[in-house]
Structure formats: C-alpha cells, structure tokens
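Undergrad: One structure follows; several queries about it will come next.
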Amino acid sequence: MKSSKEAVQSAAKEFLQFVNRGVSPYHVVEECRRCLLDAGFIELKEAEKWEIKPSSKYFVTRNFSSIIAFAVGGQYLPGNGFSMIGAHTDSPCLRVKPRSKRTKQGCLQVGVECYGGGIWNTWFDRDLTIAGRVMVKSGGKLIHRLVHVSRPLLRIPHLAIHLQRDINDSFGPNKENHLVPIIATAVQEELETGCSSSGDACSAANTTEKHHPSLVKVLSSELGVENEALLDFELCLADTQPGALGGVYEEFIYSPRLDNLHSCYCALKGLLESCSGDSLNEDPNIRMITLYDNEEVGSESAQGAQSNLTELILSRLSASSSNLTAFQQAAPLSFMISADMAHAVHPNYQEKHEENHRPSFHKGPVIKFNSNQRYATTAVTASVIREVASKAGVPLQDVMVRNDSPCGTTIGPILAARLGIPVVDIGAPQLSMHSIREMCCTSSVLQSITLFKGFFELFPAIRSTLVVD
C-alpha cells in the first residue's frame, strides 16, 4: 500500500478532529452518533421493536458510552455471519469524586479518582479541564446532558525539586494525597463571590454542597440551568492541549486518548467507507462495529464487553421464526477484529521488547499473539486477516511480549469466549501508552481504515475459502 503524503495527512487531520472532540466516552459516542446520522444510519432503541431490512444501516447506544452500528447486507438471511470490529471508548483518566470538595492551606481542590491504569505522573503540571455527563432535572424529567469546558480549570502542581532532591531518581506520587488538582484559592473566591468555600463534603446533603460552589457554577453556567437542577454527574479530567501533528516531517500524532480512539475512529470510518459503494448490496453478512465502555477497568459493566449487549444484539438480528437456530449457525460463520493499540518498539528501551517482535512506525497494523490467551488471535484468525490485508494492500506486523514481561489484554478474549466467534487482536503501533499524551504515526490512520474497509468488503468471500471445522 503506497499512499501519498497528502492522503496520509488528510486522514490523520480528520482523526485529530475526532479525538479532540472525544474528551469523554460520552463525547466519543456523541461524535460517532453524529457521523452515523450524517451517513444515513437509523438510530434504534433497545427498548423498542426493530424492523430490520436488507441494505439498510442502523445503530444503537447503551448508557450513551457504548455504541453498536451495523449495516445489513443486501443478501443477508438469518443464520448468515457477522463481520465485526470491536474497540473501546474509554481511556485512563482522573474522574471527579461524587463528593469532591476539599480545602487545604487556602486552596480549593477537587477530589478525583484514578480510572484505569494511567501513567499518573504525566498528569502533573498539565492545564486540565472537565468533560463528561451531567444529569439535570428539568420539567419533571431527568435529562442527560453533555458538558465540556474548553478553558483550563484545574492543575496538579509538582513539588519543587528543592523539596524532594530524589525526584529524578524515583517519583511515585501517592494517588490519594498528591493527585488532587487545585481549582481556586479561597481568598480569590471570596473576592469574586463575597463568600468563601471551606471544609469538606462529609455532611453535604445535596449535589451543590458536595462540590465547591465554583465548580457547580461552571457546570450550571455551561448547561444553562440553575444550580439546584444538577442531580449528579460523571466527569473526566482532560488535557486542554489538543492533539496535533508533530515531528520535523509531521509524521507523528501527539495526542491524548490514542488508546483507543484511534481504533474507534478507524473502525467507524472503515464501516462508513465500505457502505459508500455497491458492495453492501451483494454482502450476505451484517457489517458491524461495537465500541464499548469500561475496557480499561475490566469490561465488567452493563455497557462493557463482558455485558450481554453484544449477544442480545446479535441474537436479535438473527431471530427468525423459520430458523430457530439461526444465531447458533451464525457464530462460526462470523469474525471479529478486536482493535486496540499495540506497543511500538521504543528506541530508548529496546530491551523491553521481544527481539523478533518489535513493531515499528509506518510498517502497518500489528497482529497480537499470546499463547496464554491474553489476546484471542489464533493461526486461523491471523491467516484470515493476513489474506484481507494482502488483498487490501496493507502491510502487517506481529507482536508478542517477552516471557519475563507481563502482557496486557483486550476485549478480544472476552468476546471470543462469550460469543464463540473467531477473533483476531490487532492494533496500530504507538508509544507512551496510557500517558496523558501519547504518540503514534500518521500513516497508521489511513492504513487501519483501509484494512477495516477491506475486511468488511472481503471477509465473506475469504470465509468461503476457509477449511477448518
């Protein structure tokens, strides 16, 4: 696959718009929803009856933090397979506690909880803001609203080197005591408002008392509601510095949340581009992307990959009064790409990588292997994706960890076990995984989109050549 620099950079810049808007899982789903509606997809509700038609496109959300979109092949019949790509909408971050009000040494602070396995020292000395979901009471209804404050509101300052001379030798902040951002000083708040916030939220009776008035005021102002209308919220801290192209040749992407918004975006674009031509009308399968919340904390939630969401959707789409075993027939004819970012070889720490499995930038998506089932790839599923990549003109790489190194995991093994569907784990190579700002190469966006588009268009034909069971 040889693409012009212009095409590579255009795809990367479009992705940056997506990641800069996707400041929380809820905003990721909102952005996906907008793109799908613009492309003619029809929104469904889990609680309603569905009337699914061939050559038509649909999507459904759960908790507004997970989304499943699918396009029904023109030749689809119950019992046919599903061509699926799965990814996750969440990233490691700090989240505002339900009672966040803290005051120390004249500083108003916001209590936060660590979500996932972040590199927490990278959150120091960053210009932070808040984004997420707020539940508002309006007109007798409980309404979900999204909020994103674009300006810097919070900061977690480092302790000066003069007071900890060994900081460059070892720095391990206490996650409860040291990861507490400052939002204001008590004296400035008193000058601005005529009263000062003090103490904590132990005895708070309502939402407005659980948090500093300054935080509550920002939220109510952004949403255009009274303070008393705020019921509860799920707020992520986010870096205000947007993602950007970098490097002397602008071949890199420096951005928050590459893990795993890169995969979400490429899966979405792959699905949309595969539906733009005539191939969907000839497809016997249902093309589907499944973007889940809570992967970074184990996927065990109503909206996570361990939930019944996928199984319910697949069985619902397979349902037929004339074929009561359609779903059971569909599973072995289906295939899922579990798309999650991979570790590129680090030039300063090359000894951390297995010597024959060192993925590089610009050399294509990475197939992940682990015999202990931390990844779901098998020889069969790797062969299928290699065939897709060959026909699509996309190079591939392989990765596995050293025997003396721990191995991460993905939604792949979870869904393979839960659904009995063949799964391959694959991802674009990146550095600084789980840092507040991560790094990948620009070419990986277009390569991944091309691979995923090719998968949707080519898998049924490739599956027909597969002889295993």
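Identifiers in the structure tokens: chain A, B, ... in order shown; residue index from 1 per chain; ligand index from 1 in order shown.
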Compile the contact shell of stretch 176-178 of chain A as a compact mmCIF listing (two decimals) with C-alpha atoms, in the first residue's frame: residues with an atom at most 12 Å away, counting only C-alpha atoms, same-chain residues fewer than 4 positions apart removed.
TA:
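Contents of result.txt, as written:
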```
# COMPACT_ATOMS: atom_id res chain seq x y z
CA LEU A 94 -8.87 11.08 36.57
CA LYS A 97 -15.40 12.06 43.01
CA ARG A 102 -11.58 19.63 49.53
CA LYS A 104 -6.17 22.72 52.18
CA GLN A 109 -9.26 21.41 45.50
CA VAL A 110 -11.32 18.85 43.60
CA GLY A 111 -11.13 15.25 44.80
CA VAL A 112 -10.55 12.81 41.94
CA GLU A 113 -10.44 9.05 41.47
CA CYS A 114 -7.98 7.20 39.27
CA TRP A 120 -0.25 9.31 36.67
CA ASN A 121 2.92 11.36 36.92
CA TRP A 123 -0.90 14.41 34.78
CA PHE A 124 1.22 16.81 36.84
CA ARG A 155 -3.89 21.87 37.69
CA ILE A 156 -1.92 19.33 39.71
CA PRO A 157 1.36 21.09 40.52
CA HIS A 158 4.61 19.25 41.12
CA LEU A 159 6.52 19.70 44.35
CA PHE A 171 8.86 9.58 41.56
CA GLY A 172 5.83 7.68 42.77
CA ILE A 182 -6.39 22.96 42.52
```
Undergrad: Where in stretch 238-392 of chain A does DSSP assign helix (DSSP H, G or I), given as a PyMOL selection string?
TA: chain A and resi 258-274+279-282+295-297+309-318+326-333+350-352+379-392
Undergrad: When you count only C-alpha atoms, which of these residues is closest to A:His27: A:Tyr375, A:Phe233, A:Phe64, A:Tyr265?
TA: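 Answer, going by the shortest atom-to-atom distance: A:Phe64.
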Undergrad: At a cut-off of 7 Å, using only C-alpha atoms, what residues contact stretch 126-139 of chain A? Leave out same-chain residues fewer than 6 positions from it and give the result as a PyMOL selection string.
TA: chain A and resi 23-24+26+145-155+229-240
Undergrad: Looking only at strand (DSSP E) from DSSP on the backbone, list the matching residues of stretch 175-333 of chain A as a list in words.
TA: Ile182, Ile183, Ala184, Thr185, Leu230, Leu231, Asp232, Phe233, Glu234, Leu235, Cys236, Leu237, Ala238, Asp239, Ala244, Leu245, Gly246, Phe252, Ile253, Tyr254, Ser255, Ile286, Arg287, Met288, Ile289, Thr290, Leu291 and Tyr292 of chain A
Undergrad: For A:Arg374, find every residue with an atom within 9 Å (counting only C-alpha atoms), except residues of its own chain fewer than 4 positions away, and show them as a list in words.
TA: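 The neighbour list is Phe369, Asn370, Cys407, Gly408, Thr409, Thr410, Gly412 and Pro413 of chain A.
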Undergrad: Convert the current residue selection to file output with C-alpha atoms, as an mmCIF file, in the first residue's frame.
TA:
```cif
data_model
loop_
_atom_site.group_PDB
_atom_site.id
_atom_site.type_symbol
_atom_site.label_atom_id
_atom_site.label_comp_id
_atom_site.auth_asym_id
_atom_site.auth_seq_id
_atom_site.Cartn_x
_atom_site.Cartn_y
_atom_site.Cartn_z
ATOM 1 C CA PHE A 369 -0.195 -13.042 19.831
ATOM 2 C CA ASN A 370 -0.246 -14.624 23.288
ATOM 3 C CA CYS A 407 1.091 -8.899 28.982
ATOM 4 C CA GLY A 408 -1.903 -6.619 28.697
ATOM 5 C CA THR A 409 -5.227 -7.828 27.387
ATOM 6 C CA THR A 410 -8.171 -6.591 25.340
ATOM 7 C CA GLY A 412 -10.789 -9.936 22.278
ATOM 8 C CA PRO A 413 -10.578 -12.915 24.663
#
```
Undergrad: Grab the atom CA of A:Lys210 to atom CA of A:Lys175 distance for me, in Å with one decimal place.
TA: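 Here the two named atoms are 20.8 Å from each other.
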Undergrad: Can you check which parts of stretch 228-275 of chain A lie within 7 Å of stretch 318-340 of chain A? Per residue, the shortest pair of atoms and distance in Å to one decimal, counting only C-alpha atoms, sorted by chain and number, as CSV.
TA:
```
residue,atom,partner,partner_atom,distance
A:Asp259,CA,A:Asp340,CA,6.9
A:Asn260,CA,A:Asp340,CA,6.0
A:Ser263,CA,A:Ala339,CA,5.7
```
Undergrad: Can you tell me which residues surround A:Pro429 at a distance of at most 6 Å, considering only C-alpha atoms, apart from same-chain residues fewer than 3 positions away, and format the answer as a list of chain:residue names?
TA: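 Residues near the query, excluding close chain neighbours: A:Ala342, A:His343, A:Ala344.
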Undergrad: I need the residue nearest A:Ile289 from this list: A:Gly22, A:Gly364, A:Gly86, A:Gly393. Use only C-alpha atoms for the distance.
TA: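 Once distances to A:Ile289 are computed over only C-alpha atoms, the minimum belongs to A:Gly86.
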Undergrad: Name the residues in contact with A:Pro347 at a cut-off of 12 Å, using only C-alpha atoms, excluding same-chain residues fewer than 5 positions from it; report them as a PDB file with N, CA, C and O atoms, in the first residue's frame.
TA:
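Output file around_21.pdb follows:
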```pdb
ATOM      1  N   LYS A 352      13.184  -4.067  26.321  1.00  0.00           N
ATOM      2  CA  LYS A 352      11.883  -4.428  26.886  1.00  0.00           C
ATOM      3  C   LYS A 352      11.014  -5.207  25.898  1.00  0.00           C
ATOM      4  O   LYS A 352       9.969  -5.733  26.268  1.00  0.00           O
ATOM      5  N   HIS A 353      11.441  -5.261  24.645  1.00  0.00           N
ATOM      6  CA  HIS A 353      10.647  -5.901  23.601  1.00  0.00           C
ATOM      7  C   HIS A 353      11.267  -7.238  23.201  1.00  0.00           C
ATOM      8  O   HIS A 353      12.494  -7.378  23.151  1.00  0.00           O
ATOM      9  N   ARG A 358       9.215  -6.641  17.231  1.00  0.00           N
ATOM     10  CA  ARG A 358       9.406  -5.241  17.573  1.00  0.00           C
ATOM     11  C   ARG A 358       8.748  -4.355  16.511  1.00  0.00           C
ATOM     12  O   ARG A 358       9.390  -3.921  15.546  1.00  0.00           O
ATOM     13  N   PRO A 359       7.449  -4.096  16.669  1.00  0.00           N
ATOM     14  CA  PRO A 359       6.723  -3.306  15.670  1.00  0.00           C
ATOM     15  C   PRO A 359       7.287  -1.897  15.538  1.00  0.00           C
ATOM     16  O   PRO A 359       7.678  -1.274  16.531  1.00  0.00           O
ATOM     17  N   SER A 360       7.294  -1.390  14.319  1.00  0.00           N
ATOM     18  CA  SER A 360       7.821  -0.067  14.027  1.00  0.00           C
ATOM     19  C   SER A 360       6.722   0.836  13.467  1.00  0.00           C
ATOM     20  O   SER A 360       5.693   0.356  12.974  1.00  0.00           O
ATOM     21  N   PHE A 361       6.943   2.126  13.522  1.00  0.00           N
ATOM     22  CA  PHE A 361       6.041   3.072  12.879  1.00  0.00           C
ATOM     23  C   PHE A 361       6.077   2.888  11.359  1.00  0.00           C
ATOM     24  O   PHE A 361       7.099   2.533  10.776  1.00  0.00           O
ATOM     25  N   LEU A 431       3.586   4.749  20.986  1.00  0.00           N
ATOM     26  CA  LEU A 431       4.440   4.924  22.154  1.00  0.00           C
ATOM     27  C   LEU A 431       3.670   5.681  23.229  1.00  0.00           C
ATOM     28  O   LEU A 431       2.629   6.272  22.962  1.00  0.00           O
TER      29      LEU A 431
END
```
Undergrad: For A:Ala39, which of A:Asp200, A:Asp425, A:Glu273, A:Glu282 is the closest residue, counting only C-alpha atoms?
TA: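 Of A:Asp200, A:Asp425, A:Glu273, A:Glu282, the one nearest A:Ala39 is A:Glu273, counting only C-alpha atoms.
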Undergrad: Interatomic distance between atom CA of A:Asn356 and atom CA of A:Cys266?
TA: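 Atom CA of A:Asn356 sits 27.4 Å away from atom CA of A:Cys266.
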